[in-house]
Amino acid sequence: MKKSNNKIEQKNEKKQRKLDEFVYFPLYSALMAGVISVVFFCTCFSGEFKFVGMPVFVTWIALTCLFLIVFCCSRIFVQTTNKSITVLGMVCLITVGLSVILMRYARFTLAIFTLSSLLVVLILSKKEAFISVFLNTIVFLALIYIYNTYALEIPDYTMLLPLAIKAIASILLIILYKPTFNRLKVIAISLLSGLFTLVLALFINIFAFKFGFIDALMDAVWMFVAEVGVAILSLILSPIFEWVFRLETSMQFLEYISFDQPLLKELAEKAPGTFNHSIQVGNLAERCAYAIGENVNVAKAAAYFHDIGKMQSPEFFTENQTDNYNPHDDLIFETSVKIITRHTELGYETLLKHKFPRIICNVAHEHHGDSSLNYFYIKAQNITEGDVDSSDYCYPGPRPTTRISAIIMIADSVEAASRSMNMSDRKGLINLVDNIIKEKRESGQFDDCDITMKQLAIIRDTLVESLVGIAHTRISYPTRK
Ligand SMILES: [Fe+2]
Ligand SMILES: [Fe+2]
C-alpha cells in the first residue's frame, strides 16, 4: 500500500516537473531575449536609427527561438537541470549584455565572450560550459547579422573574427580547467587563454587583414585585457552565483579538504583513529569519483566528514581503541548497537549545525544506509539461537541517494575490511571488494541512487588498483645488526 502510494506521488511529481518545464522554457527564453534585445538596441542604435520597432521585434523573436532550441536540446541531450538552465541563462545574459555595452562604448575587441564559459565551468560543469559557448556563439551571430542588416549601409562582417577567436579561447579555457584548481590557477589559465587570443589576433590582423603592426598590436592587446577582465569578473561573480542559487561548486569544496578546517582538527584530536580512517576513505573515494566522472573534491570532502558523528563517543569505535579495553564488553548488545548506529544521525546534525554543504551532510547520514551491524547481529543470534529481530541491528538509514554517497559507502567498508588483509594478495582483494559491493547491492542499498552496474564495476577495479598501490608503497626496511 505504502509502495503504491509512493509510486503515485512520484508520478504526480514527474507530471508537475514536466508542466513546470513546459511553462518554464518559453517564458524564460522570451524574457532573456527581451532583455538582450533592449540592451542591444539601446546601445547600438541610440539616436541614429529611427525605425526601431521592427528590428527589436525581429531580434526578440529570433533570440526567443534560439534560446528555446538550445535549452530544450540541452535538457534532452545533456540532461541539464532546471537550476543549471537558469544559471546558464543568467550567465549568458550578463555576458552578452556587458559585451554589447563594452563593444559599443569602448572597443569591439573588448567583448568579454569567454566570461560565460569560465563562469559556468567554475560554478556548474564542463558539460554546461560547452553549452554556454554554443549558446553565446549563436546569440552573437544573430546580433551581428541583425546589426549588419538594420544598422549598416555596407555590411561589415570582419567583426566575426574576434568572435571566432574568443569562441576558440572559451573552448581552450574549458579544456584546461580542472575541478581541483584554486583561484590562482583559474587566473593562470585565463592569462594563458589571453595570450592565445593575443597571438592569434596579432597574426591574423597582420597577415590576413594587412594591418600595420601598431594597429594589429593594439587590437591584440585589448583582446588580452578582455581576458584579464574575464578572470577578475568570474572570480567576483562565482561566489555571488553560489550564494544566490545555493550552488555547490568544486572550489567551495577545496576549503573543506584543508587540514585547517576546525571540525577536521577537532576530529584528529578527539578521535585520531577515525581521522586516519576518514583520510584513507577520502583517498579511495577521490579515485573512484574520478573514475566514474563525479566531482573529486566533493567525494573527498564528503569522505573526510562521513564519520564526524563518532567524535562524541570515540572510544566506542574500534579504530580509536588503543589499549585492550573495549567498552562494549560492559554493555548489552542493544545498547552497543544504539551507540554505534547513532553516529550517522549525530554526524548529520553536527554538519548541519556547522552549515556544511548539503551533500556532505547527506553522505554522513546515508553512508551506512539501512545495512545491518553483522558483528552484533551474529553474536546475538548465536546466544539466542536465532531468535533476534534483524531490524533491531540495522542502521536507521536513509540509503544513499547520490553516487557520491554510494562511493563513500563502498570505500568506507572496503577500507575497514582491508585493514586485516594481506594487501599484496590481489585475488583476495578482488574477492573482498566484490563481496562488499554484492552484499550492499543485494540488500538494496543502491536502490535510491542512480549508480549503474558498469559504474560499480569501475569502482571495484579502481579500489583494487588503489589498495594494491598502497601495498607497493609500504616497503619493509631492514633492521640494523
Ligand atoms: Fe560510519
Ligand atoms: Fe567510516
# chains A, B, ... in the order shown; residues from 1 in each chain; ligands from 1

$ residues_near_ligand --ligand "ligand 2" --cutoff "7 Å" --atoms "only C-alpha atoms and all ligand atoms" --output "ChimeraX atom specification"
/A:277-278,306-307,412

$ write_last_selection --atoms "N, CA, C and O atoms" --output "short mmCIF file (atom, residue, chain, number, x, y, z; two decimals), in the first residue's frame"
data_model
loop_
_atom_site.label_atom_id
_atom_site.label_comp_id
_atom_site.auth_asym_id
_atom_site.auth_seq_id
_atom_site.Cartn_x
_atom_site.Cartn_y
_atom_site.Cartn_z
N HIS A 277 41.20 6.93 9.39
CA HIS A 277 40.29 6.13 8.55
C HIS A 277 39.61 7.04 7.51
O HIS A 277 39.53 6.70 6.33
N SER A 278 39.17 8.22 7.95
CA SER A 278 38.47 9.15 7.05
C SER A 278 39.39 9.62 5.92
O SER A 278 38.96 9.77 4.77
N HIS A 306 32.56 11.94 6.87
CA HIS A 306 31.47 10.97 6.92
C HIS A 306 31.26 10.38 8.32
O HIS A 306 30.15 10.06 8.70
N ASP A 307 32.35 10.28 9.10
CA ASP A 307 32.22 9.68 10.43
C ASP A 307 32.37 10.72 11.54
O ASP A 307 32.74 10.37 12.67
N ASP A 412 34.22 3.13 2.39
CA ASP A 412 34.25 3.03 3.85
C ASP A 412 34.37 1.56 4.28
O ASP A 412 35.25 1.20 5.06
#

$ residues_near_ligand --ligand "ligand 1" --cutoff "9 Å" --atoms "only C-alpha atoms and all ligand atoms" --output "PyMOL selection string"
chain A and resi 306-310+340-341+343-344+364-365+367-368+409+412-413

$ select_by_dssp --residues "range 167-365 of chain A" --states "alpha helix (DSSP H)" --output "number ranges by chain"
A: 167-176, 183-207, 213-245, 250-254, 262-270, 272-291, 296-304, 333-353, 358-365

$ closest_residue --among "A:Leu184, A:Ile339, A:Ala416, A:Ala406" --to "Leu432 in chain A" --atoms "only C-alpha atoms"
A:Ala416

$ atom_distance --atom1 "CA of Arg75 in chain A" --atom2 "CA of Thr249 in chain A"
20.6 Å

$ closest_residue --among "A:Ser99, A:Leu161, A:Leu429, A:Ser372" --to "Gly444 in chain A" --atoms "only C-alpha atoms"
A:Ser372

$ closest_residue --among "A:Asp392, A:Glu294, A:Glu442, A:Glu415" --to "Asn374 in chain A" --atoms "only C-alpha atoms"
A:Asp392

$ residues_around --residues "Leu160 in chain A" --least-positions-apart "6" --cutoff "9 Å" --atoms "only C-alpha atoms" --output "PyMOL selection string"
chain A and resi 140-141+144

$ atom_distance --atom1 "CA of Val225 in chain A" --atom2 "CA of Glu242 in chain A"
26.0 Å

$ residues_around --residues "range 264-268 of chain A" --least-positions-apart "4" --cutoff "10 Å" --atoms "only C-alpha atoms" --output "count of residues only"
20

$ closest_residue --among "A:Ala129, A:Ser424, A:Phe333, A:Leu463" --to "Lys379 in chain A" --atoms "only C-alpha atoms"
A:Phe333

$ residues_around --residues "Asp370 in chain A" --least-positions-apart "5" --cutoff "6 Å" --atoms "only C-alpha atoms" --output "count of residues only"
4

$ closest_atom_pairs --of "range 106-202 of chain A" --to "range 80-97 of chain A" --cutoff "7 Å" --atoms "only C-alpha atoms" --output "Markdown table"
| residue | atom | partner | partner_atom | distance |
| --- | --- | --- | --- | --- |
| A:Ile112 | CA | A:Thr95 | CA | 6.5 |
| A:Phe113 | CA | A:Thr95 | CA | 6.3 |
| A:Leu115 | CA | A:Thr95 | CA | 6.2 |
| A:Ser116 | CA | A:Val91 | CA | 5.6 |
| A:Val120 | CA | A:Leu88 | CA | 7.0 |
| A:Ser132 | CA | A:Leu88 | CA | 6.5 |
| A:Asn136 | CA | A:Cys92 | CA | 6.5 |

$ write_last_selection --atoms "N, CA and C atoms" --output "PDB file, in the first residue's frame"
ATOM      1  N   ILE A 112      33.595  40.510 -23.749  1.00  0.00           N
ATOM      2  CA  ILE A 112      34.014  39.501 -22.751  1.00  0.00           C
ATOM      3  C   ILE A 112      33.275  38.185 -23.001  1.00  0.00           C
ATOM      4  N   PHE A 113      33.438  37.697 -24.210  1.00  0.00           N
ATOM      5  CA  PHE A 113      32.742  36.498 -24.659  1.00  0.00           C
ATOM      6  C   PHE A 113      33.067  35.280 -23.773  1.00  0.00           C
ATOM      7  N   LEU A 115      33.626  35.064 -20.701  1.00  0.00           N
ATOM      8  CA  LEU A 115      33.130  35.108 -19.319  1.00  0.00           C
ATOM      9  C   LEU A 115      32.170  33.950 -19.041  1.00  0.00           C
ATOM     10  N   SER A 116      31.258  33.708 -19.994  1.00  0.00           N
ATOM     11  CA  SER A 116      30.246  32.676 -19.734  1.00  0.00           C
ATOM     12  C   SER A 116      30.891  31.303 -19.566  1.00  0.00           C
ATOM     13  N   VAL A 120      30.689  29.448 -16.034  1.00  0.00           N
ATOM     14  CA  VAL A 120      29.882  28.220 -15.996  1.00  0.00           C
ATOM     15  C   VAL A 120      30.733  27.017 -15.598  1.00  0.00           C
ATOM     16  N   SER A 132      27.212  26.679 -22.975  1.00  0.00           N
ATOM     17  CA  SER A 132      27.246  28.149 -22.907  1.00  0.00           C
ATOM     18  C   SER A 132      28.020  28.736 -24.088  1.00  0.00           C
ATOM     19  N   ASN A 136      26.220  31.264 -26.577  1.00  0.00           N
ATOM     20  CA  ASN A 136      26.762  32.598 -26.820  1.00  0.00           C
ATOM     21  C   ASN A 136      27.104  32.823 -28.278  1.00  0.00           C
TER      22      ASN A 136
END

$ closest_residue --among "A:Arg287, A:Lys166, A:Lys338, A:Arg399" --to "Thr114 in chain A" --atoms "only C-alpha atoms"
A:Lys166

$ atom_distance --atom1 "CA of Val35 in chain A" --atom2 "CA of Glu248 in chain A"
27.9 Å

$ closest_residue --among "A:Arg358, A:Arg460, A:Lys270, A:Lys440" --to "Gln321 in chain A" --atoms "only C-alpha atoms"
A:Lys270

$ residues_around --residues "Val296 in chain A" --least-positions-apart "5" --cutoff "7 Å" --atoms "only C-alpha atoms" --output "list in words"
Glu286, Ala289 and Tyr290 of chain A

$ decode --residues "range 381-392 of chain A" --atoms "all heavy atoms" --output "PDB file, in the first residue's frame"
ATOM      1  N   GLN A 381      22.447 -13.657  17.582  1.00  0.00           N
ATOM      2  CA  GLN A 381      21.830 -14.870  17.027  1.00  0.00           C
ATOM      3  C   GLN A 381      22.412 -16.120  17.679  1.00  0.00           C
ATOM      4  O   GLN A 381      21.688 -17.059  18.024  1.00  0.00           O
ATOM      5  CB  GLN A 381      22.070 -14.917  15.523  1.00  0.00           C
ATOM      6  CG  GLN A 381      20.932 -14.301  14.732  1.00  0.00           C
ATOM      7  CD  GLN A 381      21.100 -14.551  13.249  1.00  0.00           C
ATOM      8  OE1 GLN A 381      22.217 -14.609  12.748  1.00  0.00           O
ATOM      9  NE2 GLN A 381      19.992 -14.680  12.561  1.00  0.00           N
ATOM     10  N   ASN A 382      23.714 -16.113  17.868  1.00  0.00           N
ATOM     11  CA  ASN A 382      24.385 -17.272  18.464  1.00  0.00           C
ATOM     12  C   ASN A 382      23.916 -17.518  19.891  1.00  0.00           C
ATOM     13  O   ASN A 382      23.742 -18.659  20.321  1.00  0.00           O
ATOM     14  CB  ASN A 382      25.905 -17.074  18.449  1.00  0.00           C
ATOM     15  CG  ASN A 382      26.447 -17.162  17.037  1.00  0.00           C
ATOM     16  OD1 ASN A 382      25.758 -17.665  16.148  1.00  0.00           O
ATOM     17  ND2 ASN A 382      27.653 -16.677  16.822  1.00  0.00           N
ATOM     18  N   ILE A 383      23.704 -16.414  20.623  1.00  0.00           N
ATOM     19  CA  ILE A 383      23.292 -16.552  22.026  1.00  0.00           C
ATOM     20  C   ILE A 383      21.836 -17.006  22.135  1.00  0.00           C
ATOM     21  O   ILE A 383      21.487 -17.868  22.912  1.00  0.00           O
ATOM     22  CB  ILE A 383      23.535 -15.217  22.776  1.00  0.00           C
ATOM     23  CG1 ILE A 383      25.041 -14.989  22.934  1.00  0.00           C
ATOM     24  CG2 ILE A 383      22.850 -15.217  24.129  1.00  0.00           C
ATOM     25  CD1 ILE A 383      25.395 -13.649  23.516  1.00  0.00           C
ATOM     26  N   THR A 384      20.977 -16.376  21.289  1.00  0.00           N
ATOM     27  CA  THR A 384      19.537 -16.642  21.426  1.00  0.00           C
ATOM     28  C   THR A 384      19.049 -17.732  20.470  1.00  0.00           C
ATOM     29  O   THR A 384      17.851 -17.912  20.308  1.00  0.00           O
ATOM     30  CB  THR A 384      18.747 -15.345  21.141  1.00  0.00           C
ATOM     31  OG1 THR A 384      19.100 -14.921  19.823  1.00  0.00           O
ATOM     32  CG2 THR A 384      19.059 -14.262  22.137  1.00  0.00           C
ATOM     33  N   GLU A 385      19.948 -18.407  19.840  1.00  0.00           N
ATOM     34  CA  GLU A 385      19.627 -19.448  18.861  1.00  0.00           C
ATOM     35  C   GLU A 385      18.716 -18.935  17.753  1.00  0.00           C
ATOM     36  O   GLU A 385      17.702 -19.530  17.395  1.00  0.00           O
ATOM     37  CB  GLU A 385      19.014 -20.661  19.559  1.00  0.00           C
ATOM     38  CG  GLU A 385      20.049 -21.403  20.388  1.00  0.00           C
ATOM     39  CD  GLU A 385      19.438 -22.475  21.265  1.00  0.00           C
ATOM     40  OE1 GLU A 385      18.226 -22.668  21.214  1.00  0.00           O
ATOM     41  OE2 GLU A 385      20.199 -23.094  21.992  1.00  0.00           O
ATOM     42  N   GLY A 386      19.044 -17.779  17.258  1.00  0.00           N
ATOM     43  CA  GLY A 386      18.368 -17.231  16.084  1.00  0.00           C
ATOM     44  C   GLY A 386      17.119 -16.420  16.379  1.00  0.00           C
ATOM     45  O   GLY A 386      16.490 -15.889  15.464  1.00  0.00           O
ATOM     46  N   ASP A 387      16.745 -16.279  17.643  1.00  0.00           N
ATOM     47  CA  ASP A 387      15.513 -15.561  17.966  1.00  0.00           C
ATOM     48  C   ASP A 387      15.793 -14.060  18.128  1.00  0.00           C
ATOM     49  O   ASP A 387      15.671 -13.502  19.212  1.00  0.00           O
ATOM     50  CB  ASP A 387      14.915 -16.148  19.262  1.00  0.00           C
ATOM     51  CG  ASP A 387      13.560 -15.544  19.573  1.00  0.00           C
ATOM     52  OD1 ASP A 387      12.920 -15.031  18.629  1.00  0.00           O
ATOM     53  OD2 ASP A 387      13.154 -15.563  20.754  1.00  0.00           O
ATOM     54  N   VAL A 388      16.175 -13.406  17.024  1.00  0.00           N
ATOM     55  CA  VAL A 388      16.513 -11.973  17.086  1.00  0.00           C
ATOM     56  C   VAL A 388      15.805 -11.254  15.943  1.00  0.00           C
ATOM     57  O   VAL A 388      15.706 -11.783  14.833  1.00  0.00           O
ATOM     58  CB  VAL A 388      18.040 -11.750  16.900  1.00  0.00           C
ATOM     59  CG1 VAL A 388      18.413 -10.337  17.282  1.00  0.00           C
ATOM     60  CG2 VAL A 388      18.846 -12.746  17.658  1.00  0.00           C
ATOM     61  N   ASP A 389      15.309 -10.055  16.249  1.00  0.00           N
ATOM     62  CA  ASP A 389      14.687  -9.253  15.195  1.00  0.00           C
ATOM     63  C   ASP A 389      15.800  -8.492  14.470  1.00  0.00           C
ATOM     64  O   ASP A 389      16.459  -7.644  15.069  1.00  0.00           O
ATOM     65  CB  ASP A 389      13.677  -8.283  15.828  1.00  0.00           C
ATOM     66  CG  ASP A 389      12.889  -7.526  14.764  1.00  0.00           C
ATOM     67  OD1 ASP A 389      13.208  -7.724  13.565  1.00  0.00           O
ATOM     68  OD2 ASP A 389      11.984  -6.760  15.127  1.00  0.00           O
ATOM     69  N   SER A 390      16.007  -8.805  13.180  1.00  0.00           N
ATOM     70  CA  SER A 390      17.140  -8.214  12.442  1.00  0.00           C
ATOM     71  C   SER A 390      17.053  -6.686  12.385  1.00  0.00           C
ATOM     72  O   SER A 390      18.078  -6.001  12.348  1.00  0.00           O
ATOM     73  CB  SER A 390      17.209  -8.789  11.029  1.00  0.00           C
ATOM     74  OG  SER A 390      16.041  -8.457  10.331  1.00  0.00           O
ATOM     75  N   SER A 391      15.798  -6.140  12.412  1.00  0.00           N
ATOM     76  CA  SER A 391      15.668  -4.682  12.289  1.00  0.00           C
ATOM     77  C   SER A 391      16.250  -3.952  13.511  1.00  0.00           C
ATOM     78  O   SER A 391      16.570  -2.765  13.441  1.00  0.00           O
ATOM     79  CB  SER A 391      14.205  -4.284  12.078  1.00  0.00           C
ATOM     80  OG  SER A 391      13.467  -4.700  13.192  1.00  0.00           O
ATOM     81  N   ASP A 392      16.383  -4.665  14.645  1.00  0.00           N
ATOM     82  CA  ASP A 392      16.981  -4.040  15.832  1.00  0.00           C
ATOM     83  C   ASP A 392      18.492  -3.864  15.675  1.00  0.00           C
ATOM     84  O   ASP A 392      19.125  -3.188  16.474  1.00  0.00           O
ATOM     85  CB  ASP A 392      16.722  -4.902  17.076  1.00  0.00           C
ATOM     86  CG  ASP A 392      15.261  -4.889  17.464  1.00  0.00           C
ATOM     87  OD1 ASP A 392      14.559  -3.963  17.006  1.00  0.00           O
ATOM     88  OD2 ASP A 392      14.826  -5.807  18.184  1.00  0.00           O
TER      89      ASP A 392
END
